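Structure file my_file_9.tsv with TSV, C-alpha atoms:
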```tsv
chain	number	residue	atom	x	y	z
A	1	MET	CA	-47.27	19.24	93.57
A	2	ASN	CA	-49.70	22.15	93.41
A	3	LEU	CA	-50.78	24.56	96.13
A	4	GLU	CA	-53.97	22.70	97.02
A	5	GLN	CA	-52.05	19.46	97.50
A	6	ALA	CA	-49.38	21.23	99.54
A	7	HIS	CA	-52.00	22.69	101.89
A	8	ALA	CA	-53.28	19.16	102.58
A	9	LEU	CA	-49.94	17.89	103.93
A	10	ARG	CA	-50.14	17.50	107.69
A	11	SER	CA	-46.78	15.79	108.17
A	12	GLN	CA	-43.61	15.26	106.18
A	13	LEU	CA	-40.81	12.98	107.35
A	14	PHE	CA	-37.12	13.69	106.78
A	15	VAL	CA	-35.12	10.70	105.53
A	16	PRO	CA	-31.31	10.85	105.08
A	17	ALA	CA	-30.43	9.99	101.48
A	18	LEU	CA	-27.76	7.50	102.60
A	19	SER	CA	-29.74	5.63	105.26
A	20	GLU	CA	-30.97	2.37	103.73
A	21	ARG	CA	-32.98	1.48	106.83
A	22	PHE	CA	-34.88	4.76	106.90
A	23	VAL	CA	-35.40	4.82	103.14
A	24	ASP	CA	-36.86	1.31	103.13
A	25	LYS	CA	-39.37	2.15	105.86
A	26	ALA	CA	-40.18	5.75	104.88
A	27	HIS	CA	-43.53	4.86	103.34
A	28	GLU	CA	-44.61	2.92	106.44
A	29	ARG	CA	-44.38	5.78	108.95
A	30	GLY	CA	-47.77	7.40	108.29
A	31	ALA	CA	-46.43	10.70	106.96
A	32	ASP	CA	-48.22	12.48	104.15
A	33	ALA	CA	-44.92	13.03	102.30
A	34	VAL	CA	-41.21	12.26	102.59
A	35	ILE	CA	-38.27	14.68	102.36
A	36	VAL	CA	-35.03	13.08	101.21
A	37	ASP	CA	-32.28	15.07	102.86
A	38	LEU	CA	-29.00	16.07	101.25
A	39	GLU	CA	-28.30	18.77	103.84
A	40	ASP	CA	-28.09	18.47	107.64
A	41	ALA	CA	-28.43	14.69	107.82
A	42	ILE	CA	-25.45	14.14	105.51
A	43	ALA	CA	-21.84	14.57	106.65
A	44	PRO	CA	-19.76	17.03	104.58
A	45	ASP	CA	-17.54	14.32	103.13
A	46	ALA	CA	-20.57	12.23	102.10
A	47	LYS	CA	-22.43	14.92	100.13
A	48	ALA	CA	-21.33	13.63	96.72
A	49	ASP	CA	-22.29	10.06	97.63
A	50	ALA	CA	-25.73	11.22	98.75
A	51	ARG	CA	-26.24	13.12	95.50
A	52	ARG	CA	-25.31	10.06	93.45
A	53	ALA	CA	-27.69	7.89	95.47
A	54	LEU	CA	-30.58	10.34	95.14
A	55	PRO	CA	-32.29	9.10	91.92
A	56	GLU	CA	-32.61	5.54	93.20
A	57	VAL	CA	-33.73	6.69	96.67
A	58	VAL	CA	-36.46	8.91	95.24
A	59	ARG	CA	-37.60	6.16	92.88
A	60	ARG	CA	-37.86	3.61	95.69
A	61	ILE	CA	-39.94	5.87	97.93
A	62	ALA	CA	-42.14	7.20	95.13
A	63	ALA	CA	-42.88	3.64	94.01
A	64	HIS	CA	-45.05	3.31	97.12
A	65	GLY	CA	-47.20	6.26	96.05
A	66	MET	CA	-45.53	8.73	98.42
A	67	PRO	CA	-44.97	12.34	97.41
A	68	VAL	CA	-41.21	12.92	97.65
A	69	PHE	CA	-39.38	16.21	98.22
A	70	VAL	CA	-35.62	16.77	98.30
A	71	ARG	CA	-33.82	19.21	100.60
A	72	VAL	CA	-30.73	20.50	98.79
A	73	ASN	CA	-27.73	22.33	100.22
A	74	ASN	CA	-27.73	26.12	99.95
A	75	ASP	CA	-23.98	26.30	99.53
A	76	PRO	CA	-22.42	27.73	96.35
A	77	ALA	CA	-20.20	24.67	96.07
A	78	LEU	CA	-23.14	22.25	96.29
A	79	LEU	CA	-26.40	23.94	95.28
A	80	ASP	CA	-26.09	23.74	91.49
A	81	GLU	CA	-25.25	20.04	91.41
A	82	ASP	CA	-27.81	19.22	94.09
A	83	LEU	CA	-30.52	20.95	92.07
A	84	ALA	CA	-29.51	19.20	88.88
A	85	ALA	CA	-29.67	15.81	90.58
A	86	ALA	CA	-32.94	16.52	92.37
A	87	LEU	CA	-34.75	17.97	89.38
A	88	ALA	CA	-33.88	14.93	87.27
A	89	THR	CA	-36.13	12.82	89.54
A	90	PRO	CA	-39.96	12.67	89.83
A	91	LEU	CA	-40.34	15.12	92.72
A	92	ALA	CA	-43.18	16.86	94.49
A	93	GLY	CA	-40.80	19.75	95.10
A	94	VAL	CA	-37.42	21.05	96.23
A	95	PHE	CA	-36.72	22.41	99.71
A	96	LEU	CA	-34.33	25.39	99.62
A	97	PRO	CA	-32.76	25.85	103.07
A	98	LYS	CA	-31.45	29.15	104.44
A	99	ALA	CA	-33.57	31.12	101.98
A	100	GLU	CA	-32.82	34.81	102.52
A	101	ASP	CA	-32.27	36.41	99.12
A	102	PRO	CA	-35.27	37.02	96.81
A	103	ALA	CA	-32.96	37.04	93.78
A	104	GLN	CA	-31.67	33.57	94.63
A	105	VAL	CA	-35.22	32.33	95.25
A	106	ARG	CA	-36.30	33.57	91.83
A	107	ALA	CA	-33.33	31.87	90.18
A	108	VAL	CA	-34.02	28.53	91.87
A	109	ALA	CA	-37.75	28.90	91.19
A	110	GLU	CA	-37.05	29.27	87.48
A	111	ARG	CA	-35.23	25.95	87.50
A	112	THR	CA	-38.06	24.23	89.37
A	113	ARG	CA	-40.57	25.77	86.95
A	114	GLN	CA	-38.69	24.37	83.97
A	115	ALA	CA	-38.66	20.97	85.66
A	116	GLY	CA	-42.39	21.16	86.39
A	117	THR	CA	-42.07	20.87	90.16
A	118	GLY	CA	-42.66	23.07	93.19
A	119	LEU	CA	-40.39	25.03	95.49
A	120	VAL	CA	-40.42	25.17	99.28
A	121	LEU	CA	-38.55	27.87	101.19
A	122	LEU	CA	-37.01	27.29	104.61
A	123	LEU	CA	-36.83	30.54	106.57
A	124	GLU	CA	-34.26	29.83	109.25
A	125	THR	CA	-32.49	33.10	110.10
A	126	PRO	CA	-33.42	36.52	111.49
A	127	PRO	CA	-32.94	38.18	108.06
A	128	ALA	CA	-35.23	35.58	106.49
A	129	VAL	CA	-37.95	36.16	109.09
A	130	LEU	CA	-37.72	39.92	108.61
A	131	ARG	CA	-37.98	39.42	104.82
A	132	ALA	CA	-40.67	36.73	105.05
A	133	GLU	CA	-43.28	38.70	103.13
A	134	ALA	CA	-40.89	39.53	100.29
A	135	LEU	CA	-39.61	35.96	100.10
A	136	CYS	CA	-43.12	34.53	100.00
A	137	ALA	CA	-44.13	37.00	97.29
A	138	CYS	CA	-41.17	36.73	94.93
A	139	SER	CA	-42.10	33.56	93.02
A	140	ASP	CA	-45.33	31.87	91.96
A	141	GLU	CA	-43.47	28.55	91.99
A	142	THR	CA	-43.32	28.60	95.81
A	143	ILE	CA	-45.88	26.13	97.15
A	144	GLY	CA	-44.78	26.04	100.80
A	145	VAL	CA	-42.82	27.94	103.42
A	146	VAL	CA	-41.15	26.44	106.49
A	147	PHE	CA	-40.18	28.11	109.75
A	148	GLY	CA	-36.82	26.64	110.78
A	149	SER	CA	-36.92	27.19	114.51
A	150	GLU	CA	-33.67	25.41	115.41
A	151	ASP	CA	-31.37	27.47	113.19
A	152	TYR	CA	-33.33	30.62	113.94
A	153	ALA	CA	-32.90	30.09	117.69
A	154	ASN	CA	-29.18	29.40	117.24
A	155	ALA	CA	-28.78	32.66	115.35
A	156	LEU	CA	-30.43	34.52	118.23
A	157	GLY	CA	-28.53	32.60	120.90
A	158	VAL	CA	-31.73	31.39	122.57
A	159	VAL	CA	-33.44	28.08	123.30
A	160	PRO	CA	-36.35	27.42	120.89
A	161	THR	CA	-39.28	27.43	123.31
A	162	MET	CA	-42.90	28.29	122.60
A	163	GLU	CA	-42.28	31.71	124.11
A	164	SER	CA	-39.05	32.56	122.29
A	165	MET	CA	-40.33	31.34	118.91
A	166	HIS	CA	-43.77	32.94	119.13
A	167	TYR	CA	-43.14	36.12	117.14
A	168	ALA	CA	-41.06	34.58	114.34
A	169	ALA	CA	-43.38	31.61	113.87
A	170	HIS	CA	-46.41	33.87	113.59
A	171	ALA	CA	-44.59	36.20	111.18
A	172	VAL	CA	-43.66	33.33	108.86
A	173	ALA	CA	-47.14	31.78	108.96
A	174	LEU	CA	-48.78	35.15	108.28
A	175	ALA	CA	-46.51	35.90	105.31
A	176	ALA	CA	-47.00	32.43	103.83
A	177	ARG	CA	-50.77	32.43	104.15
A	178	ALA	CA	-51.05	36.02	102.88
A	179	HIS	CA	-49.60	34.75	99.60
A	180	GLY	CA	-51.53	31.49	99.51
A	181	ARG	CA	-48.58	29.25	100.38
A	182	ALA	CA	-48.74	26.25	102.68
A	183	ALA	CA	-47.01	26.97	106.00
A	184	TRP	CA	-45.10	24.26	107.86
A	185	GLY	CA	-43.48	24.36	111.29
A	186	VAL	CA	-44.04	24.33	115.03
A	187	VAL	CA	-43.96	27.07	117.64
A	188	GLY	CA	-40.97	25.71	119.50
A	189	SER	CA	-38.30	23.08	118.92
A	190	LEU	CA	-38.62	20.62	116.05
A	191	ALA	CA	-35.97	18.49	117.76
A	192	GLU	CA	-38.47	17.54	120.50
A	193	PHE	CA	-39.52	13.89	120.25
A	194	GLY	CA	-38.97	12.71	123.82
A	195	ASP	CA	-41.93	14.67	125.22
A	196	LEU	CA	-44.76	14.09	122.76
A	197	ALA	CA	-47.25	15.97	124.92
A	198	LEU	CA	-45.10	19.09	124.65
A	199	LEU	CA	-44.67	18.51	120.92
A	200	GLY	CA	-48.45	18.32	120.59
A	201	ARG	CA	-48.85	21.66	122.34
A	202	MET	CA	-46.28	23.24	120.04
A	203	ALA	CA	-48.01	21.78	116.98
A	204	ARG	CA	-51.47	22.95	118.10
A	205	ALA	CA	-50.04	26.42	118.75
A	206	ALA	CA	-48.69	26.35	115.20
A	207	ARG	CA	-52.06	25.38	113.81
A	208	HIS	CA	-53.68	28.27	115.70
A	209	ALA	CA	-51.03	30.58	114.21
A	210	GLY	CA	-51.98	29.51	110.69
A	211	PHE	CA	-49.54	26.71	109.96
A	212	THR	CA	-50.97	23.87	107.88
A	213	GLY	CA	-48.50	21.11	108.82
A	214	ALA	CA	-45.04	20.35	110.16
A	215	LEU	CA	-41.84	18.50	109.28
A	216	ALA	CA	-40.90	15.45	111.32
A	217	ILE	CA	-37.29	14.54	112.01
A	218	HIS	CA	-38.29	11.35	113.86
A	219	PRO	CA	-41.09	8.85	113.08
A	220	THR	CA	-42.65	9.28	116.55
A	221	GLN	CA	-43.50	12.88	115.63
A	222	VAL	CA	-45.63	11.91	112.63
A	223	PRO	CA	-48.85	10.87	114.44
A	224	VAL	CA	-48.61	13.95	116.66
A	225	PHE	CA	-48.54	16.22	113.61
A	226	ASN	CA	-51.24	14.26	111.81
A	227	GLU	CA	-53.54	14.75	114.77
A	228	ALA	CA	-52.67	18.39	115.42
A	229	PHE	CA	-53.06	19.51	111.81
A	230	GLY	CA	-55.81	17.12	110.82
A	231	ALA	CA	-59.50	17.11	111.68
A	232	SER	CA	-61.07	14.89	114.32
A	233	ASP	CA	-64.34	13.07	113.68
A	234	GLN	CA	-66.07	15.44	116.08
A	235	GLU	CA	-64.69	18.50	114.29
A	236	LEU	CA	-65.92	17.11	110.98
A	237	ARG	CA	-69.36	16.36	112.41
A	238	ASP	CA	-69.58	19.90	113.80
A	239	ALA	CA	-68.49	21.37	110.46
A	240	ALA	CA	-71.04	19.32	108.54
A	241	ALA	CA	-73.79	20.42	110.92
A	242	ILE	CA	-72.82	24.09	110.51
A	243	VAL	CA	-72.92	23.83	106.72
A	244	ALA	CA	-76.20	21.91	106.71
A	245	THR	CA	-77.88	24.39	109.08
A	246	PHE	CA	-76.72	27.37	107.06
A	247	GLU	CA	-77.77	25.90	103.72
A	248	ARG	CA	-81.17	24.97	105.12
A	249	ALA	CA	-81.67	28.53	106.33
A	250	LEU	CA	-80.74	29.92	102.91
A	251	ALA	CA	-83.20	27.56	101.22
A	252	GLU	CA	-85.91	28.83	103.55
A	253	GLY	CA	-85.09	32.44	102.71
A	254	ARG	CA	-83.57	33.26	106.08
A	255	GLY	CA	-80.46	35.42	106.13
A	256	ALA	CA	-79.63	34.90	109.82
A	257	VAL	CA	-79.50	31.56	111.58
A	258	GLN	CA	-78.49	30.29	115.00
A	259	HIS	CA	-76.65	27.04	115.61
A	260	GLN	CA	-75.87	25.67	119.05
A	261	GLY	CA	-76.03	29.07	120.69
A	262	ARG	CA	-74.10	31.07	118.11
A	263	MET	CA	-74.99	33.05	115.03
A	264	LEU	CA	-73.71	31.64	111.76
A	265	ASP	CA	-72.28	33.96	109.15
A	266	LYS	CA	-70.25	33.44	106.00
A	267	PRO	CA	-66.74	33.34	107.59
A	268	ILE	CA	-67.84	30.63	110.04
A	269	VAL	CA	-69.45	28.58	107.28
A	270	ASP	CA	-66.47	29.07	104.98
A	271	ARG	CA	-64.16	27.85	107.75
A	272	ALA	CA	-66.32	24.75	108.22
A	273	ARG	CA	-66.30	24.04	104.49
A	274	ALA	CA	-62.52	24.48	104.34
A	275	LEU	CA	-62.07	21.99	107.18
A	276	MET	CA	-64.23	19.44	105.38
A	277	ALA	CA	-62.41	19.99	102.10
A	278	ARG	CA	-59.03	19.58	103.78
A	279	ALA	CA	-60.18	16.25	105.18
A	280	GLY	CA	-61.60	15.16	101.81
A	281	ARG	CA	-65.15	15.37	103.09
A	282	GLY	CA	-66.30	18.42	101.14
A	283	ASP	CA	-68.53	18.56	98.11
```
Turn this file's structure into structure tokens for me.
Amino acid sequence: MNLEQAHALRSQLFVPALSERFVDKAHERGADAVIVDLEDAIAPDAKADARRALPEVVRRIAAHGMPVFVRVNNDPALLDEDLAAALATPLAGVFLPKAEDPAQVRAVAERTRQAGTGLVLLLETPPAVLRAEALCACSDETIGVVFGSEDYANALGVVPTMESMHYAAHAVALAARAHGRAAWGVVGSLAEFGDLALLGRMARAARHAGFTGALAIHPTQVPVFNEAFGASDQELRDAAAIVATFERALAEGRGAVQHQGRMLDKPIVDRARALMARAGRGD
């Protein structure tokens, strides 16, 4: 998967590698991509079984036209074999959890480059957040960056609320977007799926911070993320009107133009064009 495609992903759904029921229905949940998990969703004594099952799981999901990522384990005893298994499958990319060390990121990125696939970094600890800019900059193979609010909050000994996660989420989004990477996450707790209204507020706050999508750990979160990070029909109509008004003014030789009580300039028009392109409605 390339950067442009990564930026278009509104939602990605985690699926445990050993869950037949979730694997079979992964393509039916409405997510833009699926992440097959070898890490948190797999018990320690089942890691080897999950790795062995991975090629068939990826094949089954990809057969439905879904982009498939794999989250490996960032554990010296598991990482090398996880990468080997993942990179032998037709992947959109590899998720590297607990990314903190630029040297390790470069080493993993070289392996993904040789395999012709992308790399996604999960920044989940205080050191990772403080090094976000360096981590985002250290490899051209990185297509996306994730803010892992749950592990980050645990490291701080706090509850992951919109208030407590505000600074770190914004820091990760800023670093990712400064280097052209897609940015995925919410400003708050990703574990929230009982209160979808709250989840929507956290997702919209993430979009306003610069995030381009989020990772779902439960199917009920997918439509919330699709709405929060997508474009409504009204937003698309407004964007099309902005572009049309501006282009008409240029054709008439006018450098300044008003539209619905506001002056239009290049940043506003560029933002409207980007919204249309993201929704597949651009030129």
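Residue nearest Leu190 in chain A, chosen from A:Asn2, A:Asn154, A:Ser149, A:Thr161 and counting all atoms listed in the file: A:Ser149.
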Excluding range 23-30 of chain A and residues on its chain fewer than 2 positions from it, collect all residues at most 9 Å away from it, counting all atoms listed in the file, and give them as an MDAnalysis selection string. chainID A and resid 11 13:21 32:34 36 57:58 60:62 64:66 219:220 222:223 226
Using only C-alpha atoms, find each residue of range 79-170 of chain A with at least one atom at most 9 Å away from an atom of range 191-211 of chain A; report its shortest atom-to-atom pair and that distance in Å (one decimal), sort the rows by chain and rising residue number, and return the result as a Markdown table.
```
| residue | atom | partner | partner_atom | distance |
| --- | --- | --- | --- | --- |
| A:Glu150 | CA | A:Ala191 | CA | 7.7 |
| A:Thr161 | CA | A:Met202 | CA | 8.8 |
| A:Met162 | CA | A:Met202 | CA | 6.6 |
| A:Ala169 | CA | A:Ala206 | CA | 7.6 |
| A:His170 | CA | A:Ala209 | CA | 5.7 |
```
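Between CA of Cys138 in chain A and CA of Ala8 in chain A the separation is 22.7 Å.
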All file atoms of range 7-13 of chain A boxed axis-aligned, 5 Å per side, centre plus edges, as AutoDock Vina command-line options:
```
--center_x -47.0 --center_y 17.8 --center_z 105.0 --size_x 22.5 --size_y 19.7 --size_z 16.3
```
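Going from CA of Gln114 in chain A to CA of Leu130 in chain A covers 29.2 Å.
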Mind filling out range 22-33 of chain A with all heavy atoms and sending it as a PDB file, keeping the file's coordinate frame?
```pdb
ATOM      1  N   PHE A  22     -33.820   3.758 106.884  1.00  0.00           N
ATOM      2  CA  PHE A  22     -34.880   4.760 106.900  1.00  0.00           C
ATOM      3  C   PHE A  22     -35.567   4.879 105.548  1.00  0.00           C
ATOM      4  O   PHE A  22     -36.785   5.085 105.474  1.00  0.00           O
ATOM      5  CB  PHE A  22     -34.311   6.116 107.319  1.00  0.00           C
ATOM      6  CG  PHE A  22     -33.948   6.196 108.773  1.00  0.00           C
ATOM      7  CD1 PHE A  22     -32.683   6.611 109.166  1.00  0.00           C
ATOM      8  CD2 PHE A  22     -34.858   5.843 109.755  1.00  0.00           C
ATOM      9  CE1 PHE A  22     -32.343   6.672 110.516  1.00  0.00           C
ATOM     10  CE2 PHE A  22     -34.532   5.901 111.102  1.00  0.00           C
ATOM     11  CZ  PHE A  22     -33.267   6.316 111.479  1.00  0.00           C
ATOM     12  N   VAL A  23     -34.813   4.752 104.477  1.00  0.00           N
ATOM     13  CA  VAL A  23     -35.400   4.820 103.140  1.00  0.00           C
ATOM     14  C   VAL A  23     -36.389   3.682 102.932  1.00  0.00           C
ATOM     15  O   VAL A  23     -37.501   3.882 102.430  1.00  0.00           O
ATOM     16  CB  VAL A  23     -34.298   4.793 102.062  1.00  0.00           C
ATOM     17  CG1 VAL A  23     -34.898   4.575 100.675  1.00  0.00           C
ATOM     18  CG2 VAL A  23     -33.499   6.088 102.093  1.00  0.00           C
ATOM     19  N   ASP A  24     -36.003   2.471 103.326  1.00  0.00           N
ATOM     20  CA  ASP A  24     -36.860   1.310 103.130  1.00  0.00           C
ATOM     21  C   ASP A  24     -38.182   1.413 103.872  1.00  0.00           C
ATOM     22  O   ASP A  24     -39.211   0.895 103.416  1.00  0.00           O
ATOM     23  CB  ASP A  24     -36.135   0.031 103.572  1.00  0.00           C
ATOM     24  CG  ASP A  24     -35.075  -0.401 102.577  1.00  0.00           C
ATOM     25  OD1 ASP A  24     -35.134   0.055 101.417  1.00  0.00           O
ATOM     26  OD2 ASP A  24     -34.184  -1.189 102.956  1.00  0.00           O
ATOM     27  N   LYS A  25     -38.171   2.074 105.038  1.00  0.00           N
ATOM     28  CA  LYS A  25     -39.370   2.150 105.860  1.00  0.00           C
ATOM     29  C   LYS A  25     -40.097   3.496 105.765  1.00  0.00           C
ATOM     30  O   LYS A  25     -41.108   3.703 106.443  1.00  0.00           O
ATOM     31  CB  LYS A  25     -39.015   1.873 107.328  1.00  0.00           C
ATOM     32  CG  LYS A  25     -38.549   0.448 107.590  1.00  0.00           C
ATOM     33  CD  LYS A  25     -38.291   0.220 109.060  1.00  0.00           C
ATOM     34  CE  LYS A  25     -37.920  -1.222 109.335  1.00  0.00           C
ATOM     35  NZ  LYS A  25     -39.029  -2.147 109.031  1.00  0.00           N
ATOM     36  N   ALA A  26     -39.612   4.396 104.937  1.00  0.00           N
ATOM     37  CA  ALA A  26     -40.180   5.750 104.880  1.00  0.00           C
ATOM     38  C   ALA A  26     -41.666   5.755 104.606  1.00  0.00           C
ATOM     39  O   ALA A  26     -42.421   6.527 105.203  1.00  0.00           O
ATOM     40  CB  ALA A  26     -39.437   6.582 103.836  1.00  0.00           C
ATOM     41  N   HIS A  27     -42.116   4.875 103.728  1.00  0.00           N
ATOM     42  CA  HIS A  27     -43.530   4.860 103.340  1.00  0.00           C
ATOM     43  C   HIS A  27     -44.423   4.210 104.389  1.00  0.00           C
ATOM     44  O   HIS A  27     -45.659   4.273 104.272  1.00  0.00           O
ATOM     45  CB  HIS A  27     -43.695   4.124 102.015  1.00  0.00           C
ATOM     46  CG  HIS A  27     -43.363   2.663 102.102  1.00  0.00           C
ATOM     47  ND1 HIS A  27     -42.057   2.207 102.194  1.00  0.00           N
ATOM     48  CD2 HIS A  27     -44.152   1.554 102.132  1.00  0.00           C
ATOM     49  CE1 HIS A  27     -42.069   0.884 102.259  1.00  0.00           C
ATOM     50  NE2 HIS A  27     -43.320   0.466 102.231  1.00  0.00           N
ATOM     51  N   GLU A  28     -43.837   3.628 105.416  1.00  0.00           N
ATOM     52  CA  GLU A  28     -44.610   2.920 106.440  1.00  0.00           C
ATOM     53  C   GLU A  28     -44.862   3.773 107.683  1.00  0.00           C
ATOM     54  O   GLU A  28     -45.503   3.308 108.626  1.00  0.00           O
ATOM     55  CB  GLU A  28     -43.875   1.646 106.868  1.00  0.00           C
ATOM     56  CG  GLU A  28     -43.612   0.665 105.742  1.00  0.00           C
ATOM     57  CD  GLU A  28     -42.782  -0.526 106.192  1.00  0.00           C
ATOM     58  OE1 GLU A  28     -42.355  -0.535 107.374  1.00  0.00           O
ATOM     59  OE2 GLU A  28     -42.566  -1.442 105.384  1.00  0.00           O
ATOM     60  N   ARG A  29     -44.364   4.978 107.731  1.00  0.00           N
ATOM     61  CA  ARG A  29     -44.380   5.780 108.950  1.00  0.00           C
ATOM     62  C   ARG A  29     -45.638   6.618 109.139  1.00  0.00           C
ATOM     63  O   ARG A  29     -45.793   7.272 110.181  1.00  0.00           O
ATOM     64  CB  ARG A  29     -43.160   6.696 108.983  1.00  0.00           C
ATOM     65  CG  ARG A  29     -41.820   5.967 108.885  1.00  0.00           C
ATOM     66  CD  ARG A  29     -41.635   4.964 110.004  1.00  0.00           C
ATOM     67  NE  ARG A  29     -40.252   4.496 110.091  1.00  0.00           N
ATOM     68  CZ  ARG A  29     -39.804   3.657 110.989  1.00  0.00           C
ATOM     69  NH1 ARG A  29     -40.640   3.145 111.896  1.00  0.00           N
ATOM     70  NH2 ARG A  29     -38.532   3.286 110.998  1.00  0.00           N
ATOM     71  N   GLY A  30     -46.512   6.651 108.144  1.00  0.00           N
ATOM     72  CA  GLY A  30     -47.770   7.400 108.290  1.00  0.00           C
ATOM     73  C   GLY A  30     -47.698   8.845 107.881  1.00  0.00           C
ATOM     74  O   GLY A  30     -48.693   9.568 108.014  1.00  0.00           O
ATOM     75  N   ALA A  31     -46.544   9.311 107.394  1.00  0.00           N
ATOM     76  CA  ALA A  31     -46.430  10.700 106.960  1.00  0.00           C
ATOM     77  C   ALA A  31     -47.147  10.918 105.641  1.00  0.00           C
ATOM     78  O   ALA A  31     -47.299   9.989 104.840  1.00  0.00           O
ATOM     79  CB  ALA A  31     -44.952  11.096 106.826  1.00  0.00           C
ATOM     80  N   ASP A  32     -47.560  12.146 105.404  1.00  0.00           N
ATOM     81  CA  ASP A  32     -48.220  12.480 104.150  1.00  0.00           C
ATOM     82  C   ASP A  32     -47.226  12.639 103.004  1.00  0.00           C
ATOM     83  O   ASP A  32     -47.611  12.574 101.832  1.00  0.00           O
ATOM     84  CB  ASP A  32     -49.029  13.771 104.296  1.00  0.00           C
ATOM     85  CG  ASP A  32     -50.226  13.607 105.223  1.00  0.00           C
ATOM     86  OD1 ASP A  32     -50.715  12.470 105.360  1.00  0.00           O
ATOM     87  OD2 ASP A  32     -50.669  14.614 105.808  1.00  0.00           O
ATOM     88  N   ALA A  33     -45.967  12.887 103.313  1.00  0.00           N
ATOM     89  CA  ALA A  33     -44.920  13.030 102.300  1.00  0.00           C
ATOM     90  C   ALA A  33     -43.579  12.739 102.958  1.00  0.00           C
ATOM     91  O   ALA A  33     -43.462  12.708 104.189  1.00  0.00           O
ATOM     92  CB  ALA A  33     -44.930  14.431 101.690  1.00  0.00           C
TER      93      ALA A  33
END
```
